[in-house]
Structure formats: C-alpha cells, structure tokens
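Have a look at query-v3.tsv below; it lists TSV, C-alpha atoms.
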```tsv
chain	number	residue	atom	x	y	z
A	192	MET	CA	-33.69	-1.87	-12.17
A	193	SER	CA	-36.73	-2.66	-10.06
A	194	ALA	CA	-38.04	0.27	-8.02
A	195	GLU	CA	-39.42	-2.12	-5.37
A	196	ALA	CA	-36.30	-4.17	-4.70
A	197	PRO	CA	-33.19	-2.65	-6.26
A	198	GLY	CA	-29.98	-4.61	-6.11
A	199	LYS	CA	-27.23	-3.38	-3.82
A	200	LEU	CA	-23.46	-3.69	-3.60
A	201	VAL	CA	-22.04	-4.04	-0.09
A	202	LEU	CA	-18.31	-3.72	0.65
A	203	VAL	CA	-17.49	-5.72	3.78
A	204	GLY	CA	-14.44	-5.03	5.92
A	205	THR	CA	-12.77	-8.17	7.27
A	206	PRO	CA	-9.99	-8.73	9.84
A	207	LEU	CA	-6.35	-8.11	9.00
A	208	GLY	CA	-5.33	-11.29	10.78
A	209	ASN	CA	-7.24	-11.58	14.05
A	210	ARG	CA	-10.55	-13.38	13.52
A	211	GLY	CA	-11.92	-11.75	16.66
A	212	ASP	CA	-12.06	-8.44	14.78
A	213	LEU	CA	-14.90	-9.66	12.53
A	214	SER	CA	-17.94	-7.62	13.54
A	215	PRO	CA	-21.43	-9.15	13.93
A	216	ARG	CA	-22.65	-6.84	11.18
A	217	ALA	CA	-19.89	-8.02	8.83
A	218	ARG	CA	-20.79	-11.64	9.56
A	219	GLU	CA	-24.45	-10.94	8.80
A	220	ALA	CA	-23.57	-9.11	5.58
A	221	ILE	CA	-21.48	-12.04	4.33
A	222	VAL	CA	-23.96	-14.77	5.24
A	223	GLY	CA	-27.03	-12.78	4.24
A	224	ALA	CA	-25.88	-11.71	0.77
A	225	ASP	CA	-27.39	-13.30	-2.32
A	226	VAL	CA	-24.00	-13.45	-4.03
A	227	LEU	CA	-20.53	-13.13	-2.50
A	228	PHE	CA	-17.71	-11.70	-4.62
A	229	CYS	CA	-14.33	-12.56	-3.07
A	230	GLU	CA	-10.73	-11.62	-3.74
A	231	ASP	CA	-9.99	-15.14	-2.46
A	232	THR	CA	-12.96	-17.51	-2.28
A	233	ARG	CA	-11.30	-19.36	0.62
A	234	SER	CA	-11.21	-16.30	2.90
A	235	PRO	CA	-14.87	-16.41	4.06
A	236	LEU	CA	-14.49	-20.05	5.09
A	237	ARG	CA	-11.37	-19.22	7.09
A	238	LEU	CA	-13.28	-16.44	8.83
A	239	LEU	CA	-16.56	-18.20	9.52
A	240	GLY	CA	-15.42	-21.81	9.67
A	241	GLU	CA	-15.63	-24.69	7.23
A	242	GLY	CA	-19.19	-25.50	8.29
A	243	ALA	CA	-20.54	-22.02	7.56
A	244	THR	CA	-23.44	-21.69	5.13
A	245	LEU	CA	-22.39	-19.15	2.52
A	246	PRO	CA	-24.03	-17.69	-0.58
A	247	PRO	CA	-22.54	-18.58	-3.97
A	248	ARG	CA	-18.96	-17.29	-4.14
A	249	ILE	CA	-17.39	-15.69	-7.19
A	250	SER	CA	-13.69	-14.87	-7.44
A	251	CYS	CA	-12.94	-11.20	-8.08
A	252	PHE	CA	-9.31	-10.13	-7.86
A	253	VAL	CA	-7.09	-7.52	-9.50
A	254	ALA	CA	-6.59	-9.39	-12.76
A	255	ASN	CA	-10.27	-10.15	-13.41
A	256	GLU	CA	-12.15	-7.35	-11.65
A	257	GLY	CA	-12.93	-5.61	-14.94
A	258	GLU	CA	-14.40	-8.82	-16.31
A	259	ARG	CA	-16.61	-9.24	-13.22
A	260	VAL	CA	-18.36	-5.89	-13.70
A	261	ALA	CA	-20.86	-7.35	-16.18
A	262	LEU	CA	-21.71	-10.18	-13.77
A	263	LEU	CA	-22.12	-7.70	-10.93
A	264	LEU	CA	-24.53	-5.55	-12.93
A	265	GLU	CA	-26.45	-8.63	-14.03
A	266	ASN	CA	-27.03	-9.60	-10.40
A	267	LEU	CA	-27.90	-6.07	-9.34
A	268	GLU	CA	-30.43	-5.81	-12.16
A	269	ARG	CA	-32.11	-8.93	-10.79
A	270	GLY	CA	-32.43	-7.25	-7.39
A	271	LYS	CA	-29.65	-9.25	-5.73
A	272	VAL	CA	-27.57	-8.08	-2.80
A	273	VAL	CA	-23.93	-8.57	-3.77
A	274	ALA	CA	-21.33	-8.47	-0.99
A	275	TYR	CA	-17.63	-8.07	-1.73
A	276	VAL	CA	-14.79	-9.09	0.59
A	277	SER	CA	-11.09	-8.65	-0.07
A	278	GLU	CA	-8.57	-11.10	1.32
A	279	ALA	CA	-8.10	-8.93	4.42
A	280	GLY	CA	-9.07	-5.44	5.49
A	281	LEU	CA	-11.37	-3.03	3.68
A	282	PRO	CA	-11.93	-3.31	-0.08
A	283	VAL	CA	-10.65	-0.50	-2.34
A	284	TRP	CA	-7.77	0.43	0.02
A	285	SER	CA	-4.96	-0.93	-2.18
A	286	ASP	CA	-7.31	-3.85	-2.80
A	287	PRO	CA	-9.82	-4.64	-5.55
A	288	GLY	CA	-13.30	-3.16	-5.40
A	289	LEU	CA	-13.01	0.26	-7.02
A	290	ARG	CA	-14.25	-0.89	-10.43
A	291	LEU	CA	-17.23	-2.60	-8.84
A	292	VAL	CA	-18.16	0.56	-6.94
A	293	GLN	CA	-17.76	2.77	-10.01
A	294	ALA	CA	-19.92	0.45	-12.12
A	295	ALA	CA	-22.67	0.24	-9.51
A	296	VAL	CA	-22.73	4.00	-8.94
A	297	GLU	CA	-22.77	4.77	-12.66
A	298	ALA	CA	-25.67	2.36	-13.17
A	299	GLY	CA	-27.63	3.95	-10.33
A	300	TYR	CA	-27.47	1.13	-7.78
A	301	PRO	CA	-26.92	1.80	-4.06
A	302	VAL	CA	-23.56	1.00	-2.50
A	303	ASP	CA	-23.04	0.35	1.20
A	304	VAL	CA	-19.99	-0.29	3.37
A	305	VAL	CA	-19.66	-2.43	6.48
A	306	PRO	CA	-16.58	-0.84	8.10
A	307	GLY	CA	-13.63	-2.92	9.16
A	308	PRO	CA	-9.92	-2.68	9.91
A	309	THR	CA	-7.42	-1.19	7.49
A	310	ALA	CA	-3.68	-1.69	7.89
A	311	ALA	CA	-3.03	1.99	7.14
A	312	ALA	CA	-5.26	3.21	9.99
A	313	VAL	CA	-3.91	0.66	12.47
A	314	ALA	CA	-0.29	1.49	11.64
A	315	LEU	CA	-0.96	5.22	11.87
A	316	CYS	CA	-2.45	4.83	15.35
A	317	LEU	CA	0.56	2.78	16.48
A	318	SER	CA	3.17	5.06	14.90
A	319	GLY	CA	2.94	8.02	17.24
A	320	LEU	CA	3.08	10.35	14.23
A	321	PRO	CA	0.57	13.15	13.47
A	322	ALA	CA	-2.74	12.04	12.00
A	323	ASP	CA	-4.22	15.45	11.16
A	324	ASP	CA	-2.63	15.68	7.69
A	325	VAL	CA	-2.15	12.29	6.06
A	326	ARG	CA	-1.35	11.15	2.52
A	327	PHE	CA	-1.98	7.49	1.67
A	328	LEU	CA	0.06	6.31	-1.32
A	329	GLY	CA	-0.30	2.53	-1.10
A	330	PHE	CA	2.38	0.65	-3.05
A	331	LEU	CA	4.99	2.72	-4.89
A	332	PRO	CA	5.84	1.86	-8.51
A	333	ARG	CA	8.57	-0.78	-8.66
A	334	GLY	CA	11.01	1.41	-10.62
A	335	GLY	CA	11.55	3.78	-13.51
A	336	PRO	CA	10.54	7.44	-13.77
A	337	GLU	CA	7.25	6.80	-11.95
A	338	ARG	CA	9.06	5.66	-8.80
A	339	ALA	CA	11.54	8.53	-9.03
A	340	GLU	CA	8.72	11.06	-9.32
A	341	ARG	CA	6.87	9.58	-6.36
A	342	LEU	CA	10.01	9.64	-4.20
A	343	GLU	CA	10.59	13.27	-5.14
A	344	SER	CA	7.01	14.07	-4.15
A	345	ILE	CA	7.43	12.33	-0.78
A	346	ALA	CA	10.58	14.37	-0.13
A	347	ARG	CA	8.47	17.56	-0.28
A	348	GLU	CA	5.44	16.16	1.57
A	349	ARG	CA	4.70	18.03	4.80
A	350	GLY	CA	2.03	15.64	6.03
A	351	THR	CA	2.41	12.08	7.30
A	352	VAL	CA	2.86	9.55	4.47
A	353	LEU	CA	1.45	6.01	4.53
A	354	LEU	CA	2.94	3.32	2.29
A	355	TYR	CA	2.38	-0.39	1.78
A	356	GLU	CA	5.18	-2.73	0.78
A	357	ALA	CA	5.91	-6.45	0.56
A	358	GLY	CA	8.24	-7.50	3.36
A	359	ASN	CA	11.00	-8.68	1.04
A	360	ARG	CA	11.17	-5.25	-0.62
A	361	VAL	CA	11.23	-3.14	2.56
A	362	PRO	CA	15.06	-2.79	2.76
A	363	ALA	CA	15.18	-1.45	-0.80
A	364	LEU	CA	12.28	0.94	-0.12
A	365	LEU	CA	14.01	2.34	2.95
A	366	ARG	CA	17.27	2.83	1.06
A	367	ASP	CA	15.50	4.57	-1.81
A	368	LEU	CA	13.63	6.86	0.57
A	369	ALA	CA	16.79	7.69	2.51
A	370	ALA	CA	18.58	8.53	-0.72
A	371	ALA	CA	15.77	10.72	-2.00
A	372	LEU	CA	15.02	12.61	1.22
A	373	PRO	CA	17.70	15.16	2.20
A	374	ASP	CA	16.32	15.23	5.76
A	375	ALA	CA	16.43	11.45	6.25
A	376	GLU	CA	18.33	11.91	9.53
A	377	SER	CA	15.37	13.74	11.08
A	378	ARG	CA	12.37	12.16	9.34
A	379	ARG	CA	10.73	9.77	11.80
A	380	VAL	CA	9.36	6.48	10.50
A	381	ALA	CA	7.39	3.55	11.91
A	382	ILE	CA	7.12	0.17	10.21
A	383	GLY	CA	4.23	-2.07	11.24
A	384	ARG	CA	4.17	-5.78	10.46
A	385	GLU	CA	1.85	-8.67	11.40
A	386	LEU	CA	-0.68	-6.03	12.48
A	387	THR	CA	-3.38	-7.25	14.92
A	388	LYS	CA	-1.74	-10.70	14.99
A	389	GLN	CA	0.03	-12.43	17.87
A	390	HIS	CA	3.49	-11.36	16.71
A	391	GLN	CA	2.63	-7.76	15.84
A	392	GLU	CA	5.75	-5.60	15.69
A	393	VAL	CA	6.42	-1.90	15.14
A	394	LEU	CA	9.92	-0.67	14.28
A	395	ARG	CA	10.52	3.01	15.01
A	396	GLY	CA	13.40	5.38	14.38
A	397	SER	CA	14.72	7.90	11.91
A	398	LEU	CA	14.58	7.04	8.23
A	399	ALA	CA	18.37	7.08	8.05
A	400	GLU	CA	18.65	4.70	11.02
A	401	LEU	CA	16.18	2.15	9.72
A	402	ALA	CA	17.66	2.30	6.23
A	403	GLN	CA	20.91	1.08	7.81
A	404	THR	CA	19.52	-1.46	10.29
A	405	VAL	CA	16.67	-3.09	8.34
A	406	ASP	CA	18.79	-4.99	5.86
A	407	GLU	CA	16.86	-8.26	5.70
A	408	ALA	CA	13.43	-9.13	4.32
A	409	LEU	CA	10.52	-8.84	6.73
A	410	ARG	CA	7.73	-11.37	6.88
A	411	GLY	CA	4.44	-10.59	5.17
A	412	GLU	CA	3.12	-7.26	4.00
A	413	VAL	CA	4.11	-4.19	5.99
A	414	THR	CA	2.84	-0.66	6.44
A	415	LEU	CA	5.32	2.21	6.59
A	416	VAL	CA	4.37	5.49	8.27
A	417	LEU	CA	6.70	8.40	7.48
A	418	ALA	CA	6.68	11.82	9.12
A	419	GLY	CA	6.38	14.87	6.90
A	420	THR	CA	9.28	17.18	6.17
A	421	HIS	CA	10.02	20.39	8.05
A	422	VAL	CA	12.59	21.54	5.50
A	423	GLU	CA	11.56	24.53	3.43
A	424	ALA	CA	11.69	23.80	-0.28
A	425	THR	CA	14.33	25.70	-2.21
A	426	GLY	CA	11.94	26.25	-5.08
A	427	ASP	CA	14.49	24.73	-7.45
A	428	PRO	CA	13.84	21.00	-8.04
A	429	ALA	CA	17.05	20.69	-10.04
A	430	GLN	CA	19.07	21.99	-7.11
A	431	GLU	CA	17.40	19.56	-4.71
A	432	ALA	CA	17.96	16.62	-7.07
A	433	ALA	CA	21.59	17.60	-7.64
A	434	ARG	CA	22.21	17.80	-3.89
A	435	ALA	CA	20.74	14.35	-3.32
A	436	LEU	CA	22.75	12.83	-6.16
A	437	TRP	CA	25.97	14.47	-4.99
A	438	GLN	CA	25.48	13.09	-1.48
A	439	LEU	CA	25.03	9.62	-2.95
A	440	VAL	CA	28.09	9.74	-5.18
A	441	CYS	CA	30.30	11.04	-2.38
A	442	ASP	CA	29.06	8.65	0.33
A	443	PRO	CA	32.09	6.47	1.22
A	444	GLY	CA	29.91	4.01	3.13
A	445	LEU	CA	27.99	2.83	0.06
A	446	LYS	CA	29.29	0.27	-2.38
A	447	PRO	CA	29.14	1.24	-6.08
A	448	ARG	CA	26.38	-1.25	-6.83
A	449	GLU	CA	24.22	0.17	-4.02
A	450	LYS	CA	24.94	3.71	-5.20
A	451	ALA	CA	23.81	2.71	-8.68
A	452	LYS	CA	20.52	1.31	-7.36
A	453	GLN	CA	19.73	4.45	-5.37
A	454	ILE	CA	20.71	6.81	-8.19
A	455	ALA	CA	18.47	4.77	-10.49
A	456	ALA	CA	15.59	5.19	-8.05
A	457	LEU	CA	16.12	8.95	-8.07
A	458	THR	CA	16.55	9.38	-11.80
A	459	GLY	CA	14.57	6.58	-13.40
A	460	LEU	CA	17.66	5.41	-15.31
A	461	GLU	CA	18.88	1.81	-15.47
A	462	ALA	CA	20.96	0.78	-12.45
A	463	ARG	CA	23.29	-1.38	-14.55
A	464	ALA	CA	24.22	1.50	-16.85
A	465	ILE	CA	24.86	3.77	-13.88
A	466	TYR	CA	27.00	1.10	-12.22
A	467	GLU	CA	29.12	0.80	-15.36
A	468	GLN	CA	29.58	4.58	-15.53
A	469	LEU	CA	30.56	4.75	-11.86
A	470	GLY	CA	33.17	2.09	-12.54
A	471	ALA	CA	34.50	4.04	-15.51
A	472	LEU	CA	34.74	7.22	-13.41
A	473	ARG	CA	36.51	5.36	-10.63
A	474	ARG	CA	39.04	3.83	-13.03
A	475	GLY	CA	39.61	7.20	-14.67
A	476	GLY	CA	40.50	8.76	-11.35
A	477	GLU	CA	43.05	6.10	-10.43
```

If you took the structure in this file and wrote it as structure tokens, what would it be?
Amino acid sequence: MSAEAPGKLVLVGTPLGNRGDLSPRAREAIVGADVLFCEDTRSPLRLLGEGATLPPRISCFVANEGERVALLLENLERGKVVAYVSEAGLPVWSDPGLRLVQAAVEAGYPVDVVPGPTAAAVALCLSGLPADDVRFLGFLPRGGPERAERLESIARERGTVLLYEAGNRVPALLRDLAAALPDAESRRVAIGRELTKQHQEVLRGSLAELAQTVDEALRGEVTLVLAGTHVEATGDPAQEAARALWQLVCDPGLKPREKAKQIAALTGLEARAIYEQLGALRRGGE
C-alpha cells in the first residue's frame, strides 16, 4: 500500500425511493470514485440520469460479495478510491458491504461513509415508539428452530424491535409474532411501507389487531417497528412456551392449518406433521 496515496473504500448512502434525498456529497462520491461497486449496476444511472458520467461499475451483491473482495483489495493496493452503493439506503444495513469493510480494515486501508437514509431509522421516527433502546434484527430466518428462537427472544425484548420483511410475507410474520408474544394485545406496532415515496403508508395498532387485519400481501419491502414488552419474565422458558402453545391450541378462531403454522413457528417443527397430529387429536375426541 502506498504511503503517499493509499486506496480508500467509501460506503455511499443512497435514497430509499425519493431521488431528492441524494445528497451533494453522495453525488460527488459516486461520480468522483475511481471504481464503483454496485449491488445493482443500474441504480447509479437511475439516480443520476442516463447521461451521467460514471466510473467503471462492478456488480457486488449478496451472492458474489465474497468473490469481489480480491478485486477490491487489488484496486485499493493501486491507490484507487472505491465507492460502494447498495440498491437503496445505506450499505451493510441488511445489505451487502460488510465483507468489503472487513477486508479493507484488515488490510489496513481507510474506510469512509457518506451518510444516507436507512429504512429502519425512517420507520422508527414515524412509528411514535421509543427510540432510546432499540434492537435492529433485519430479516428473521424463514423457518425452523432459528426462527422459533428469534421469536422467543423478541417476546422477552424490553426495547423497541426493528424488523425488515418482504411485503408478501408480512401477514405470516404478524401471525407468528402474535402467537409467540403473550402480550400481543398490548404490544404496539407500526408497519412502514413505500417509505419516502409518494404513497408512503404507516399502519399502526396493537400486534394482535394487525395480525387479524393485515391478511393480504403488501407491496414492496416493509419495515416493522415493535414496542418492547412490559411483562416481567417468569424465569421459566418452558412455562412461557407452554402457555403460548396452549393458547394456540385452544383458540377457537384459528383453523387447524393456521394453528399448525404458528405452532411450527414457535417450535421449529414441520407444520405438516403438526397439522396431521391436530387432526388425529380432533378425530380422537369426537
């Protein structure tokens, strides 16, 4: 690495959906870089216009970020300024970029950030929920024991929780949360969608309410802000889990298939096997 002109990695925050949120400094960082790593190589053109003069662009997304580390270090060693932009928002926040930062830091190269919007921060400001104790969890695991463990952790969380989710999976997420949280009736939640765009919308209510009313897919990616619990833990996780499961099994308003899905989310077991066992229990009681 040259002592006179060391290479540098610059993470550049870009708008969530409103082009007017692109800062002059971010524009300069993108145009002035020697090399531009992009989650989507089309994004800079959408931001700056088709006629913009851009440095060479290199795709760098989740699936190939590890492979791009060598190319990053090669450019930094040559004294190049490498800027990285994710598709929207600030890199690293549930977006690629972490491996690039780790590699640059480990190799001794400077790393800079040009701040920009993040969906989590915008949604938190809009939610009306406390921002003094916040836990950002990004996307939850799709299923299995990992999802069950994360839901159990959220049930005990006393601070505000921030989650990302694809719009088509929001109804299932709300149902799983409502099933896992014994205080779902009192836990406040805000769901932000199309943030900073013309049709921005924030849904607010209790977790139990929204789990019942949001039963169709939402458009785009959403941010969910969930209030922390005020319920004192019993100190016995088995007792808490048993109570949640018992409430599910005895809920007359839930169909067996929906019960099976929510029990699976709590336990990490297969929903189909649970559904079959619920059917056997029901037939045995007739």

What separates atom CA of Arg395 of chain A and atom CA of Asp286 of chain A is a distance of 26.1 Å

Which one of A:Arg473, A:Pro197, A:Leu417, A:Pro306 sits closest to Phe327 of chain A if you count only C-alpha atoms?
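Among the listed residues, the smallest separation from Phe327 of chain A belongs to A:Leu417.
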
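Of the residues listed (A:Gln389, A:Leu320, A:Arg341, A:Val201), A:Arg341 shows the shortest atom-to-atom separation from Asp367 of chain A; distances use only C-alpha atoms.
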
Can you build me a table of segment 274-316 of chain A residues sitting at most 12 Å from segment 238-247 of chain A, with the closest atom pair per residue and its distance in Å to one decimal, using all atoms listed in the file, sorted by chain and residue number, as CSV?
```
residue,atom,partner,partner_atom,distance
A:Ala274,CA,A:Pro246,CA,9.6
A:Tyr275,CA,A:Pro246,CA,11.6
A:Val276,CA,A:Leu238,CA,11.1
A:Glu278,CA,A:Leu238,CA,10.3
A:Ala279,CA,A:Leu238,CA,10.1
```

- Query: Interatomic distance between atom CA of Asn209 of chain A and atom CA of Asn255 of chain A?
  - Reply: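 Taking atom CA of Asn209 of chain A and atom CA of Asn255 of chain A, their separation equals 27.7 Å.
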
### Message
Would you compute the distance between atom CA of Asn359 of chain A and atom CA of Pro287 of chain A? Give it in Å to one decimal.
### Response
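Between these atoms lies a distance of 22.2 Å.
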
query = Using only C-alpha atoms, which residues sit within 8 Å of Cys229 of chain A once same-chain residues fewer than 4 positions away are excluded, as a count of residues only?
reply = 10

Of A:Ala254, A:Val352, A:Leu202, A:Val292, the one nearest to Leu368 of chain A when counting only C-alpha atoms is A:Val352

(message) Counting all atoms listed in the file, which residue out of A:Glu392, A:Glu400, A:Asp225, A:Glu343 sits closest to Asn266 of chain A?
(response)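 For Asn266 of chain A, the nearest of the given residues is A:Asp225.
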
| query | Pick from A:Val361, A:Leu213, A:Leu354, A:Ala294: nearest to Val325 of chain A, with only C-alpha atoms counted? | reply |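 Of A:Val361, A:Leu213, A:Leu354, A:Ala294, the one nearest Val325 of chain A is A:Leu354, counting only C-alpha atoms.
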
Practice task
Name all residues at most 9 Å from Leu409 of chain A (count all atoms listed in the file; drop same-chain ones fewer than 6 positions away) and give them as a ChimeraX atom specification.
Solution key: /A:357-362,384

>> Using all atoms listed in the file, which protein or nucleic acid residues come within 6 Å of segment 452-456 of chain A? Drop anything in the same chain fewer than 5 positions from it, and give the result as a list in words.
In response: Ala339, Asp367, Glu461 and Ala462 of chain A

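Of the residues listed (A:Pro447, A:Gly335, A:Pro215, A:Gly383), A:Gly383 shows the shortest atom-to-atom separation from Ala314 of chain A; distances use all atoms listed in the file.
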
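Near (13.7, 13.0, -1.3), the residues that fall inside 10 Å on the basis of all atoms listed in the file are Ala339, Glu340, Arg341, Leu342, Glu343, Ser344, Ile345, Ala346, Arg347, Glu348, Asp367, Leu368, Ala369, Ala370, Ala371, Leu372, Pro373, Asp374, Ala375, Thr420, Glu431, Ala432, Ala435 and Leu457 of chain A.
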
Residues within 9 Å of (2.7, -2.9, 10.0), file coords, all atoms listed in the file, listed as a PyMOL selection string:
chain A and resi 310-311+313-314+317+355+381-387+391-394+412-416

Close residues, Ala196 of chain A itself excluded, 9 Å, all atoms listed in the file, min 6 positions apart in chain, as a PyMOL selection string | chain A and resi 269-271

Report, as lines of an AutoDock Vina configuration file, the centre and edge lengths in Å (one decimal) of the axis-aligned box enclosing every listed atom of segment 211-216 of chain A, padded by 5 Å on each side.
```
center_x = -17.3
center_y = -9.3
center_z = 13.9
size_x = 20.7
size_y = 14.9
size_z = 15.5
```
